[in-house]
Amino acid sequence: MSDLHAHSARYVRDSMLPPEAPPALESGAIKWLRENLFSGLLNSILTVLGLLTIAYLLKLALPWFLHGVWNANSLGECRQVIAANWGEGAHGACWAMIRERWNQFLFGFYPSSEYWRPILALLLLFLALAPVLFDEMSKKLMGAVAVVGVLVLWLSAYNGQWLPVGILVIIAGVTAFVGSRGRHWPQNLMWFSLVFPALAFWLLWGGTIWLPVMVMAGFIVGGIALRIATPMIGLMPALAFAVLAAFFWWYFAAGPATDALAAMSGRNQPFWLRRVNSDEFGGFVLAFTIGLSGIAISLPMGIVLALGRQSDMLLVKALCVGFIEFIRGVPLITLLFTASLLLNYFLPPGTNFDIILRVIIMVTLFSAAYIAEVIRGGLAALPRGQYEAADALGLDYWKAQRLIVMPQALKISIPGIVSSFIGLFKDTTLVVFVALLDPLKGITDAVRASIQWKGIYWEPYIFVGAIFFIICFSMSRYSMFLENKLKREHR
Amino acid sequence: MKKSVFLGTLAATALLAGFASAATLDDVKARGELVCGVNTGLVGFAAPDANGNWQGFDVAVCKAVAAAVLGDASKVKYVPTTGETRFTALASGEIDLLARNTTWTFSRDADLKFTFVGVNYYDGQGFMVRKDLGVSSAKELDGATVCIQTGTTTELNLADFFKVNNMTYQPVPINTNAEGEQQYLAGACDAYTTDASGLAATRAIFADPENHIILPEIISKEPLGPLVRHGDDQWADIARWTLNALIAAEEYGVTSANVEELAKGTNNPEINRMLGTEGDLGAMIGLDKDWAKRAIAASGNYGEIFAASIGESTPIGLARGLNAQWTQGGLLYTPPFR
């Protein structure tokens, strides 16, 4: 047989032919174009129309961007430069306004000798966020932390302030200590995330350091009270006792203790920073302060409200439903007006209730109501079996929520929660209606009121819009990262 | 402040029983700071510079009052107010004095319960149109589209004017001056109407001011002045006479440069009484003898303030017009210091 075969097959291929390149129409860019842009008559027409529209818009806007002027002292000078470079009648952007006033866009009327404080607060914020946002060690994270460290050092050197370095050293020391007790990166920074709000408050508003320290001490008092009382009287009464204890601390002990300590330490760094009043806040410092406090406080509040709404206890449920529906039924601007103007009618004359604090409270309440509904959606999406399984394991209500229900419900709600946060951050520009200087309109109008820059329109909006986009887009990317990371069941 | 940060709400409920409102003068002195409501930004009248210092025609009134009451023109906290928030801010006590180009009207005085302490700028509503529209009088604007800022007296004046002249118009509502300029330049409206001072400032910054004209008709009276709450006449007197002192100082030739010298005594008894060398006018309004001297030294007399912020040497270039002294054919006329 083999002979026969050898005769009948005169030629046996012993190597593969090299693969042919696909036909030109079926490969590369042409294929992509054919499939995606010109797959049919209608699509071809739409593509051409789309391209024409883009070209038209670019033709309108591109020269304006390209003719932009960065060095000038007034709108008139900008126009002269543009006319000199590009001929009479040419249009161009006058970015010189941003260049001259960008301090105001970023810091509002914050005293310029103290700019390092909000910058330091922002840098430390990244440190504080690291353990909250990422639970695993990675090279990227380590690099980011190193960059923050270097920036803090630079800030210190640039401003001749040793306080940033001091804070950094303390953070590193405590973190290393926590690390040596068995917590690994970045979880050993968690303590700093808890301390950060007080630190940021002190950095931003200044004054004596003992005020935030004493406020934080209230939480410690509460914690100790909880730990002592729980074995004696059970969890719920102990919780009430702890809240009461912290409350008493704040009301009676904190004030005198702060005054006494402040008198002892005097008005020197590191115990005292120049006080900055709330009306000096503005621009992105204001937007960040309000937005981030709102985000940080409204998430836990929202969770509690969502659980309360599903509660079997009539009073709790009624309160939560009432709160959520009331807040959602009222526009944010109404709440802000109430906070800034109406409240003054009810407060005794001479009370100076900080305006930014009032706005933060209102923004937080507003956001919490929406977050509560988003989380309720997540809770409703959980199969009933999960609740029953938790019961079958003998977990009590709080353990079941913490270990089984919430991790799943929150995972489902991530996109909704992040969109609420993005909305909240953008809503901070509404504070312009209560005469705070938000970056978009407050600062812009103030800057435009000087005769040099009157008549400028698009440039500040584009600048502020771009910064908002960067921040909101980062939030959105983080939420996608988190969703992918937590996508357990579809792997 | 410290307590209020963490106990504000508590204090609110605990003390809600309420106190009788103390005199504004005492409040201001105790606080060591005058809280003055100003515009969020109006060219020439109130605007912060690159370092955040407020400047302008209205701001000068705040400075003068602070100088008279507290002895330091820099002890002012400026609260930017919008058209919507200004009256509530004043009524609720958030600000002590509102110096924000506010038109003195019957209902604001009587119904909103404010006291206008005088007029620091006599304005009037005008129109600006493009030259190629071929219009030379506001009476020819029949059927025109008009950009108009909502929520202001100008909106009502516009309606009145067209009704009286039996004409129709198409309003294009806008929110701020900047938006108005943009709409007008983009051709969304044929005419842009606002206070004449605002029109002049707007036209001054156009790339082609020669292609736009401000029509001769002034269709309304807009006496702009500072105001305080009803019910505290002493405080109203302080604000009123501080403003009067600025105006009278121009009439008598007292300037920020020579006020120190004149305060040593002159042969004009009126100046002597005003500057405290004779008599004791300051005590009658709860201040010391030098109150007017300090008010004038803060940023000069009325004429100096006008020239520095909105006058003909500035890019805004407003002529004195109605705002000249009565001796110069204007409307500025102060009661005597006696």
# chains A, B, ... in the order shown; residues from 1 in each chain; ligands from 1

$ select_by_dssp --residues "stretch 98-295 of chain B" --states "helix (DSSP H, G or I)" --output "mmCIF file with N, CA and C atoms, in the first residue's frame"
data_model
loop_
_atom_site.group_PDB
_atom_site.id
_atom_site.type_symbol
_atom_site.label_atom_id
_atom_site.label_comp_id
_atom_site.auth_asym_id
_atom_site.auth_seq_id
_atom_site.Cartn_x
_atom_site.Cartn_y
_atom_site.Cartn_z
ATOM 1 N N PHE B 106 -40.766 103.125 46.471
ATOM 2 C CA PHE B 106 -41.774 103.240 47.526
ATOM 3 C C PHE B 106 -41.920 101.934 48.274
ATOM 4 N N SER B 107 -42.105 100.839 47.505
ATOM 5 C CA SER B 107 -42.427 99.587 48.178
ATOM 6 C C SER B 107 -41.225 99.029 48.930
ATOM 7 N N ARG B 108 -40.038 99.249 48.412
ATOM 8 C CA ARG B 108 -38.877 98.762 49.151
ATOM 9 C C ARG B 108 -38.726 99.520 50.460
ATOM 10 N N ASP B 109 -39.051 100.785 50.425
ATOM 11 C CA ASP B 109 -38.939 101.597 51.626
ATOM 12 C C ASP B 109 -40.016 101.219 52.632
ATOM 13 N N ALA B 110 -41.268 101.144 52.143
ATOM 14 C CA ALA B 110 -42.387 100.983 53.060
ATOM 15 C C ALA B 110 -42.727 99.524 53.319
ATOM 16 N N LYS B 131 -25.131 100.278 15.810
ATOM 17 C CA LYS B 131 -25.279 101.454 14.959
ATOM 18 C C LYS B 131 -25.987 101.110 13.655
ATOM 19 N N ASP B 132 -25.656 99.916 13.106
ATOM 20 C CA ASP B 132 -26.230 99.578 11.801
ATOM 21 C C ASP B 132 -27.719 99.252 11.874
ATOM 22 N N LEU B 133 -28.283 99.263 13.089
ATOM 23 C CA LEU B 133 -29.728 99.073 13.201
ATOM 24 C C LEU B 133 -30.447 100.325 12.684
ATOM 25 N N ALA B 138 -35.191 105.780 21.251
ATOM 26 C CA ALA B 138 -35.834 104.604 21.822
ATOM 27 C C ALA B 138 -37.276 104.472 21.334
ATOM 28 N N LYS B 139 -37.842 105.577 20.869
ATOM 29 C CA LYS B 139 -39.220 105.547 20.394
ATOM 30 C C LYS B 139 -39.338 104.760 19.089
ATOM 31 N N GLU B 140 -38.208 104.498 18.440
ATOM 32 C CA GLU B 140 -38.242 103.747 17.173
ATOM 33 C C GLU B 140 -38.029 102.260 17.385
ATOM 34 N N THR B 153 -35.755 96.266 38.761
ATOM 35 C CA THR B 153 -36.722 97.300 38.413
ATOM 36 C C THR B 153 -36.665 97.613 36.921
ATOM 37 N N THR B 154 -35.516 97.343 36.290
ATOM 38 C CA THR B 154 -35.399 97.666 34.860
ATOM 39 C C THR B 154 -36.433 96.901 34.035
ATOM 40 N N GLU B 155 -36.741 95.694 34.476
ATOM 41 C CA GLU B 155 -37.708 94.871 33.745
ATOM 42 C C GLU B 155 -39.079 95.554 33.736
ATOM 43 N N LEU B 156 -39.462 96.075 34.908
ATOM 44 C CA LEU B 156 -40.764 96.729 35.023
ATOM 45 C C LEU B 156 -40.780 98.050 34.264
ATOM 46 N N ASN B 157 -39.663 98.780 34.349
ATOM 47 C CA ASN B 157 -39.587 100.054 33.632
ATOM 48 C C ASN B 157 -39.753 99.851 32.133
ATOM 49 N N LEU B 158 -39.134 98.786 31.644
ATOM 50 C CA LEU B 158 -39.182 98.498 30.216
ATOM 51 C C LEU B 158 -40.625 98.295 29.778
ATOM 52 N N ALA B 159 -41.348 97.475 30.566
ATOM 53 C CA ALA B 159 -42.749 97.215 30.236
ATOM 54 C C ALA B 159 -43.543 98.518 30.240
ATOM 55 N N ASP B 160 -43.301 99.350 31.265
ATOM 56 C CA ASP B 160 -44.006 100.627 31.359
ATOM 57 C C ASP B 160 -43.734 101.508 30.140
ATOM 58 N N PHE B 161 -42.462 101.585 29.789
ATOM 59 C CA PHE B 161 -42.071 102.482 28.701
ATOM 60 C C PHE B 161 -42.745 102.097 27.391
ATOM 61 N N PHE B 162 -42.734 100.780 27.085
ATOM 62 C CA PHE B 162 -43.317 100.359 25.813
ATOM 63 C C PHE B 162 -44.835 100.503 25.829
ATOM 64 N N LYS B 163 -45.419 100.324 27.008
ATOM 65 C CA LYS B 163 -46.863 100.463 27.112
ATOM 66 C C LYS B 163 -47.277 101.918 26.893
ATOM 67 N N VAL B 164 -46.563 102.812 27.554
ATOM 68 C CA VAL B 164 -46.884 104.231 27.451
ATOM 69 C C VAL B 164 -46.756 104.701 26.002
ATOM 70 N N ASN B 177 -25.201 90.526 33.903
ATOM 71 C CA ASN B 177 -24.705 91.489 32.944
ATOM 72 C C ASN B 177 -23.830 90.819 31.878
ATOM 73 N N ALA B 178 -22.980 89.891 32.335
ATOM 74 C CA ALA B 178 -22.072 89.219 31.402
ATOM 75 C C ALA B 178 -22.866 88.446 30.350
ATOM 76 N N GLU B 179 -23.932 87.800 30.823
ATOM 77 C CA GLU B 179 -24.767 87.050 29.891
ATOM 78 C C GLU B 179 -25.440 88.001 28.909
ATOM 79 N N GLY B 180 -25.880 89.138 29.433
ATOM 80 C CA GLY B 180 -26.518 90.134 28.588
ATOM 81 C C GLY B 180 -25.596 90.605 27.476
ATOM 82 N N GLU B 181 -24.347 90.902 27.834
ATOM 83 C CA GLU B 181 -23.373 91.338 26.834
ATOM 84 C C GLU B 181 -23.210 90.281 25.756
ATOM 85 N N GLN B 182 -23.091 89.032 26.234
ATOM 86 C CA GLN B 182 -22.860 87.930 25.304
ATOM 87 C C GLN B 182 -24.032 87.783 24.339
ATOM 88 N N GLN B 183 -25.255 87.819 24.885
ATOM 89 C CA GLN B 183 -26.443 87.681 24.054
ATOM 90 C C GLN B 183 -26.536 88.836 23.054
ATOM 91 N N TYR B 184 -26.257 90.012 23.548
ATOM 92 C CA TYR B 184 -26.362 91.188 22.689
ATOM 93 C C TYR B 184 -25.343 91.116 21.562
ATOM 94 N N LEU B 185 -24.102 90.740 21.915
ATOM 95 C CA LEU B 185 -23.059 90.661 20.889
ATOM 96 C C LEU B 185 -23.337 89.542 19.897
ATOM 97 N N ALA B 196 -27.876 103.208 32.876
ATOM 98 C CA ALA B 196 -26.980 103.894 31.944
ATOM 99 C C ALA B 196 -25.518 103.726 32.344
ATOM 100 N N SER B 197 -25.261 103.699 33.657
ATOM 101 C CA SER B 197 -23.874 103.519 34.088
ATOM 102 C C SER B 197 -23.361 102.155 33.636
ATOM 103 N N GLY B 198 -24.219 101.138 33.747
ATOM 104 C CA GLY B 198 -23.838 99.797 33.309
ATOM 105 C C GLY B 198 -23.635 99.740 31.808
ATOM 106 N N LEU B 199 -24.491 100.457 31.055
ATOM 107 C CA LEU B 199 -24.346 100.469 29.598
ATOM 108 C C LEU B 199 -23.012 101.078 29.197
ATOM 109 N N ALA B 200 -22.651 102.161 29.883
ATOM 110 C CA ALA B 200 -21.391 102.823 29.534
ATOM 111 C C ALA B 200 -20.219 101.885 29.785
ATOM 112 N N ALA B 201 -20.253 101.199 30.941
ATOM 113 C CA ALA B 201 -19.163 100.285 31.258
ATOM 114 C C ALA B 201 -19.113 99.141 30.261
ATOM 115 N N THR B 202 -20.298 98.655 29.871
ATOM 116 C CA THR B 202 -20.358 97.557 28.924
ATOM 117 C C THR B 202 -19.803 97.961 27.565
ATOM 118 N N ARG B 203 -20.236 99.141 27.125
ATOM 119 C CA ARG B 203 -19.805 99.598 25.804
ATOM 120 C C ARG B 203 -18.302 99.842 25.795
ATOM 121 N N ALA B 204 -17.781 100.279 26.943
ATOM 122 C CA ALA B 204 -16.360 100.620 26.998
ATOM 123 C C ALA B 204 -15.468 99.413 26.732
ATOM 124 N N PRO B 209 -16.392 99.553 20.186
ATOM 125 C CA PRO B 209 -17.386 100.438 20.814
ATOM 126 C C PRO B 209 -17.991 101.423 19.821
ATOM 127 N N GLU B 210 -17.247 101.754 18.742
ATOM 128 C CA GLU B 210 -17.769 102.758 17.819
ATOM 129 C C GLU B 210 -18.985 102.258 17.041
ATOM 130 N N ASN B 211 -19.191 100.917 17.022
ATOM 131 C CA ASN B 211 -20.336 100.382 16.285
ATOM 132 C C ASN B 211 -21.599 100.276 17.136
ATOM 133 N N ASP B 233 -33.160 103.936 64.252
ATOM 134 C CA ASP B 233 -32.958 105.250 63.648
ATOM 135 C C ASP B 233 -31.561 105.791 63.874
ATOM 136 N N GLN B 234 -30.959 105.428 65.009
ATOM 137 C CA GLN B 234 -29.617 105.931 65.272
ATOM 138 C C GLN B 234 -28.648 105.417 64.206
ATOM 139 N N TRP B 235 -28.776 104.124 63.904
ATOM 140 C CA TRP B 235 -27.895 103.527 62.902
ATOM 141 C C TRP B 235 -28.156 104.147 61.535
ATOM 142 N N ALA B 236 -29.444 104.374 61.228
ATOM 143 C CA ALA B 236 -29.788 105.005 59.954
ATOM 144 C C ALA B 236 -29.180 106.399 59.883
ATOM 145 N N ASP B 237 -29.225 107.129 61.006
ATOM 146 C CA ASP B 237 -28.646 108.475 61.035
ATOM 147 C C ASP B 237 -27.148 108.430 60.771
ATOM 148 N N ILE B 238 -26.485 107.450 61.372
ATOM 149 C CA ILE B 238 -25.040 107.345 61.175
ATOM 150 C C ILE B 238 -24.722 107.143 59.700
ATOM 151 N N ALA B 239 -25.438 106.193 59.074
ATOM 152 C CA ALA B 239 -25.184 105.917 57.662
ATOM 153 C C ALA B 239 -25.526 107.135 56.811
ATOM 154 N N ARG B 240 -26.682 107.774 57.129
ATOM 155 C CA ARG B 240 -27.133 108.915 56.330
ATOM 156 C C ARG B 240 -26.133 110.054 56.401
ATOM 157 N N TRP B 241 -25.677 110.356 57.615
ATOM 158 C CA TRP B 241 -24.817 111.536 57.749
ATOM 159 C C TRP B 241 -23.392 111.250 57.333
ATOM 160 N N THR B 242 -23.008 109.985 57.343
ATOM 161 C CA THR B 242 -21.695 109.661 56.783
ATOM 162 C C THR B 242 -21.703 109.932 55.286
ATOM 163 N N LEU B 243 -22.782 109.485 54.630
ATOM 164 C CA LEU B 243 -22.902 109.747 53.195
ATOM 165 C C LEU B 243 -22.968 111.252 52.943
ATOM 166 N N ASN B 244 -23.783 111.953 53.777
ATOM 167 C CA ASN B 244 -23.891 113.407 53.618
ATOM 168 C C ASN B 244 -22.547 114.085 53.811
ATOM 169 N N ALA B 245 -21.758 113.572 54.767
ATOM 170 C CA ALA B 245 -20.459 114.188 55.024
ATOM 171 C C ALA B 245 -19.564 114.078 53.791
ATOM 172 N N LEU B 246 -19.630 112.924 53.111
ATOM 173 C CA LEU B 246 -18.809 112.746 51.908
ATOM 174 C C LEU B 246 -19.209 113.762 50.838
ATOM 175 N N ILE B 247 -20.535 113.940 50.697
ATOM 176 C CA ILE B 247 -21.025 114.851 49.661
ATOM 177 C C ILE B 247 -20.714 116.301 50.041
ATOM 178 N N ALA B 248 -20.982 116.636 51.320
ATOM 179 C CA ALA B 248 -20.733 118.003 51.771
ATOM 180 C C ALA B 248 -19.244 118.334 51.680
ATOM 181 N N ALA B 249 -18.407 117.339 51.954
ATOM 182 C CA ALA B 249 -16.962 117.581 51.907
ATOM 183 C C ALA B 249 -16.541 118.054 50.526
ATOM 184 N N GLU B 250 -17.158 117.473 49.494
ATOM 185 C CA GLU B 250 -16.803 117.932 48.150
ATOM 186 C C GLU B 250 -17.250 119.380 47.949
ATOM 187 N N GLU B 251 -18.475 119.653 48.442
ATOM 188 C CA GLU B 251 -19.008 121.001 48.272
ATOM 189 C C GLU B 251 -18.109 122.043 48.935
ATOM 190 N N TYR B 252 -17.575 121.695 50.132
ATOM 191 C CA TYR B 252 -16.763 122.665 50.865
ATOM 192 C C TYR B 252 -15.274 122.540 50.557
ATOM 193 N N VAL B 259 -7.825 117.134 54.688
ATOM 194 C CA VAL B 259 -8.763 117.014 55.800
ATOM 195 C C VAL B 259 -8.063 117.147 57.145
ATOM 196 N N GLU B 260 -6.855 116.596 57.245
ATOM 197 C CA GLU B 260 -6.120 116.689 58.514
ATOM 198 C C GLU B 260 -5.861 118.148 58.878
ATOM 199 N N GLU B 261 -5.464 118.883 57.851
ATOM 200 C CA GLU B 261 -5.129 120.284 58.082
ATOM 201 C C GLU B 261 -6.366 121.103 58.436
ATOM 202 N N LEU B 262 -7.464 120.854 57.662
ATOM 203 C CA LEU B 262 -8.687 121.611 57.898
ATOM 204 C C LEU B 262 -9.288 121.280 59.257
ATOM 205 N N PRO B 269 -17.463 127.941 59.617
ATOM 206 C CA PRO B 269 -18.046 127.205 60.760
ATOM 207 C C PRO B 269 -18.697 125.896 60.339
ATOM 208 N N GLU B 270 -19.222 125.830 59.127
ATOM 209 C CA GLU B 270 -19.867 124.592 58.679
ATOM 210 C C GLU B 270 -18.840 123.459 58.631
ATOM 211 N N ILE B 271 -17.675 123.738 58.063
ATOM 212 C CA ILE B 271 -16.603 122.734 58.027
ATOM 213 C C ILE B 271 -16.175 122.393 59.444
ATOM 214 N N ASN B 272 -16.054 123.414 60.284
ATOM 215 C CA ASN B 272 -15.622 123.172 61.655
ATOM 216 C C ASN B 272 -16.595 122.252 62.381
ATOM 217 N N ARG B 273 -17.896 122.511 62.171
ATOM 218 C CA ARG B 273 -18.884 121.656 62.849
ATOM 219 C C ARG B 273 -18.808 120.234 62.320
ATOM 220 N N MET B 274 -18.648 120.105 60.986
ATOM 221 C CA MET B 274 -18.616 118.764 60.392
ATOM 222 C C MET B 274 -17.395 117.995 60.865
ATOM 223 N N LEU B 275 -16.259 118.648 60.900
ATOM 224 C CA LEU B 275 -15.022 117.945 61.256
ATOM 225 C C LEU B 275 -14.798 117.900 62.766
ATOM 226 N N LEU B 281 -21.400 117.489 67.094
ATOM 227 C CA LEU B 281 -22.394 116.775 66.279
ATOM 228 C C LEU B 281 -22.235 115.268 66.424
ATOM 229 N N GLY B 282 -20.996 114.788 66.548
ATOM 230 C CA GLY B 282 -20.746 113.349 66.616
ATOM 231 C C GLY B 282 -21.501 112.692 67.751
ATOM 232 N N ALA B 283 -21.520 113.357 68.916
ATOM 233 C CA ALA B 283 -22.166 112.762 70.085
ATOM 234 C C ALA B 283 -23.659 112.551 69.835
ATOM 235 N N MET B 284 -24.254 113.402 68.991
ATOM 236 C CA MET B 284 -25.696 113.281 68.748
ATOM 237 C C MET B 284 -26.041 111.992 68.014
ATOM 238 N N TRP B 291 -15.596 111.706 63.727
ATOM 239 C CA TRP B 291 -16.177 110.690 62.846
ATOM 240 C C TRP B 291 -16.126 111.089 61.374
ATOM 241 N N ALA B 292 -16.498 112.327 61.079
ATOM 242 C CA ALA B 292 -16.575 112.731 59.674
ATOM 243 C C ALA B 292 -15.181 112.858 59.077
ATOM 244 N N LYS B 293 -14.242 113.295 59.894
ATOM 245 C CA LYS B 293 -12.873 113.414 59.410
ATOM 246 C C LYS B 293 -12.363 112.044 58.940
ATOM 247 N N ARG B 294 -12.623 111.037 59.766
ATOM 248 C CA ARG B 294 -12.170 109.690 59.402
ATOM 249 C C ARG B 294 -12.892 109.172 58.168
ATOM 250 N N ALA B 295 -14.212 109.467 58.087
ATOM 251 C CA ALA B 295 -14.990 108.998 56.935
ATOM 252 C C ALA B 295 -14.431 109.584 55.644
#

$ residues_around --residues "stretch 79-86 of chain B" --least-positions-apart "6" --cutoff "7 Å" --atoms "only C-alpha atoms" --output "PyMOL selection string"
(chain A and resi 435) or (chain B and resi 35-40)

$ write_last_selection --atoms "C-alpha atoms" --output "PDB file, in the first residue's frame"
ATOM      1  CA  ALA A 435     -23.311  84.415  48.007  1.00  0.00           C
TER       2      ALA A 435
ATOM      3  CA  VAL B  35     -20.734  93.734  57.797  1.00  0.00           C
ATOM      4  CA  CYS B  36     -21.542  95.377  54.515  1.00  0.00           C
ATOM      5  CA  GLY B  37     -23.603  93.845  51.724  1.00  0.00           C
ATOM      6  CA  VAL B  38     -22.183  94.612  48.305  1.00  0.00           C
ATOM      7  CA  ASN B  39     -22.748  93.464  44.744  1.00  0.00           C
ATOM      8  CA  THR B  40     -21.194  90.139  43.783  1.00  0.00           C
TER       9      THR B  40
END

$ select_by_dssp --residues "stretch 11-228 of chain B" --states "strand (DSSP E or B)" --output "number ranges by chain"
B: 34-39, 42, 46-48, 54-55, 76-81, 97-103, 114-116, 121-123, 125-130, 144-149, 169-174, 191-195, 212-214, 222-228

$ write_last_selection --atoms "C-alpha atoms" --output "short mmCIF file (atom, residue, chain, number, x, y, z; two decimals), in the first residue's frame"
data_model
loop_
_atom_site.label_atom_id
_atom_site.label_comp_id
_atom_site.auth_asym_id
_atom_site.auth_seq_id
_atom_site.Cartn_x
_atom_site.Cartn_y
_atom_site.Cartn_z
CA LEU B 34 -18.93 96.34 59.87
CA VAL B 35 -20.73 93.73 57.80
CA CYS B 36 -21.54 95.38 54.52
CA GLY B 37 -23.60 93.84 51.72
CA VAL B 38 -22.18 94.61 48.30
CA ASN B 39 -22.75 93.46 44.74
CA LEU B 42 -20.32 95.23 39.24
CA ALA B 46 -17.94 96.76 43.72
CA ALA B 47 -15.26 94.32 42.61
CA PRO B 48 -12.43 92.43 44.30
CA TRP B 54 -12.87 95.03 47.45
CA GLN B 55 -12.91 98.31 45.60
CA VAL B 76 -15.30 95.80 56.91
CA LYS B 77 -16.50 92.35 56.09
CA TYR B 78 -17.92 92.38 52.59
CA VAL B 79 -20.78 90.04 51.95
CA PRO B 80 -21.45 89.66 48.23
CA THR B 81 -25.20 89.63 47.70
CA LEU B 97 -25.69 97.97 55.79
CA LEU B 98 -26.55 97.27 52.18
CA ALA B 99 -24.55 99.33 49.70
CA ARG B 100 -25.38 97.55 46.51
CA ASN B 101 -26.65 99.86 43.78
CA THR B 102 -30.20 99.40 45.01
CA THR B 103 -32.96 101.59 43.60
CA PHE B 114 -36.00 99.39 54.93
CA THR B 115 -34.69 102.88 55.38
CA PHE B 116 -32.83 104.35 52.44
CA TYR B 121 -25.72 107.66 42.49
CA TYR B 122 -28.56 108.98 40.35
CA ASP B 123 -28.90 106.48 37.56
CA GLN B 125 -32.32 103.16 32.49
CA GLY B 126 -31.09 103.46 28.93
CA PHE B 127 -30.79 101.42 25.74
CA MET B 128 -27.82 100.37 23.70
CA VAL B 129 -28.20 99.30 20.07
CA ARG B 130 -25.91 98.49 17.20
CA ALA B 144 -37.55 95.02 18.80
CA THR B 145 -36.10 92.17 20.82
CA VAL B 146 -34.68 93.50 24.06
CA CYS B 147 -32.23 91.80 26.42
CA ILE B 148 -33.44 92.45 29.94
CA GLN B 149 -32.18 91.34 33.32
CA TYR B 169 -41.26 94.32 22.21
CA GLN B 170 -39.92 90.82 22.56
CA PRO B 171 -38.06 90.35 25.86
CA VAL B 172 -34.99 88.10 25.96
CA PRO B 173 -34.56 87.31 29.67
CA ILE B 174 -31.00 87.21 30.94
CA ALA B 191 -31.27 96.32 22.11
CA TYR B 192 -29.73 95.85 25.51
CA THR B 193 -31.24 97.77 28.36
CA THR B 194 -29.93 98.35 31.86
CA ASP B 195 -28.83 101.29 33.98
CA HIS B 212 -22.71 100.67 19.24
CA ILE B 213 -24.64 103.67 20.44
CA ILE B 214 -26.42 104.45 23.68
CA GLU B 222 -32.95 104.98 39.41
CA PRO B 223 -31.80 106.68 42.56
CA LEU B 224 -29.29 104.18 43.93
CA GLY B 225 -28.42 104.36 47.56
CA PRO B 226 -27.36 102.52 50.69
CA LEU B 227 -30.05 101.23 53.01
CA VAL B 228 -30.52 99.84 56.50
#

$ atom_distance --atom1 "atom CA of A:Gly322" --atom2 "atom CA of A:Gly377"
17.7 Å

$ closest_atom_pairs --of "chain A" --to "chain B" --cutoff "7 Å" --atoms "only C-alpha atoms" --output "Markdown table"
| residue | atom | partner | partner_atom | distance |
| --- | --- | --- | --- | --- |
| A:Arg101 | CA | B:Ala50 | CA | 6.2 |
| A:Phe109 | CA | B:Gly52 | CA | 5.4 |
| A:Leu341 | CA | B:Ala89 | CA | 6.3 |
| A:Asn344 | CA | B:Ser92 | CA | 5.7 |
| A:Tyr345 | CA | B:Ser92 | CA | 5.6 |
| A:Phe346 | CA | B:Leu16 | CA | 6.6 |
| A:Leu347 | CA | B:Ala12 | CA | 5.2 |
| A:Pro348 | CA | B:Gly18 | CA | 5.5 |
| A:Pro349 | CA | B:Ser21 | CA | 6.6 |
| A:Asn352 | CA | B:Met1 | CA | 6.1 |
| A:Phe353 | CA | B:Ser4 | CA | 5.5 |
| A:Asp354 | CA | B:Val5 | CA | 6.4 |
| A:Ala435 | CA | B:Thr81 | CA | 5.6 |
| A:Asp445 | CA | B:Gly41 | CA | 5.8 |
| A:Ala446 | CA | B:Gly41 | CA | 4.7 |
| A:Ala449 | CA | B:Val43 | CA | 4.5 |
| A:Ser450 | CA | B:Val43 | CA | 5.6 |
| A:Ile451 | CA | B:Val43 | CA | 5.9 |
| A:Lys454 | CA | B:Ile205 | CA | 6.6 |
| A:Gly455 | CA | B:Ile205 | CA | 6.2 |
| A:Tyr457 | CA | B:Ala178 | CA | 6.9 |

$ residues_around --residues "A:Phe192" --least-positions-apart "2" --cutoff "10 Å" --atoms "only C-alpha atoms" --output "PyMOL selection string"
chain A and resi 124-125+127-129+131+171+174-175+187-190+194-197+199
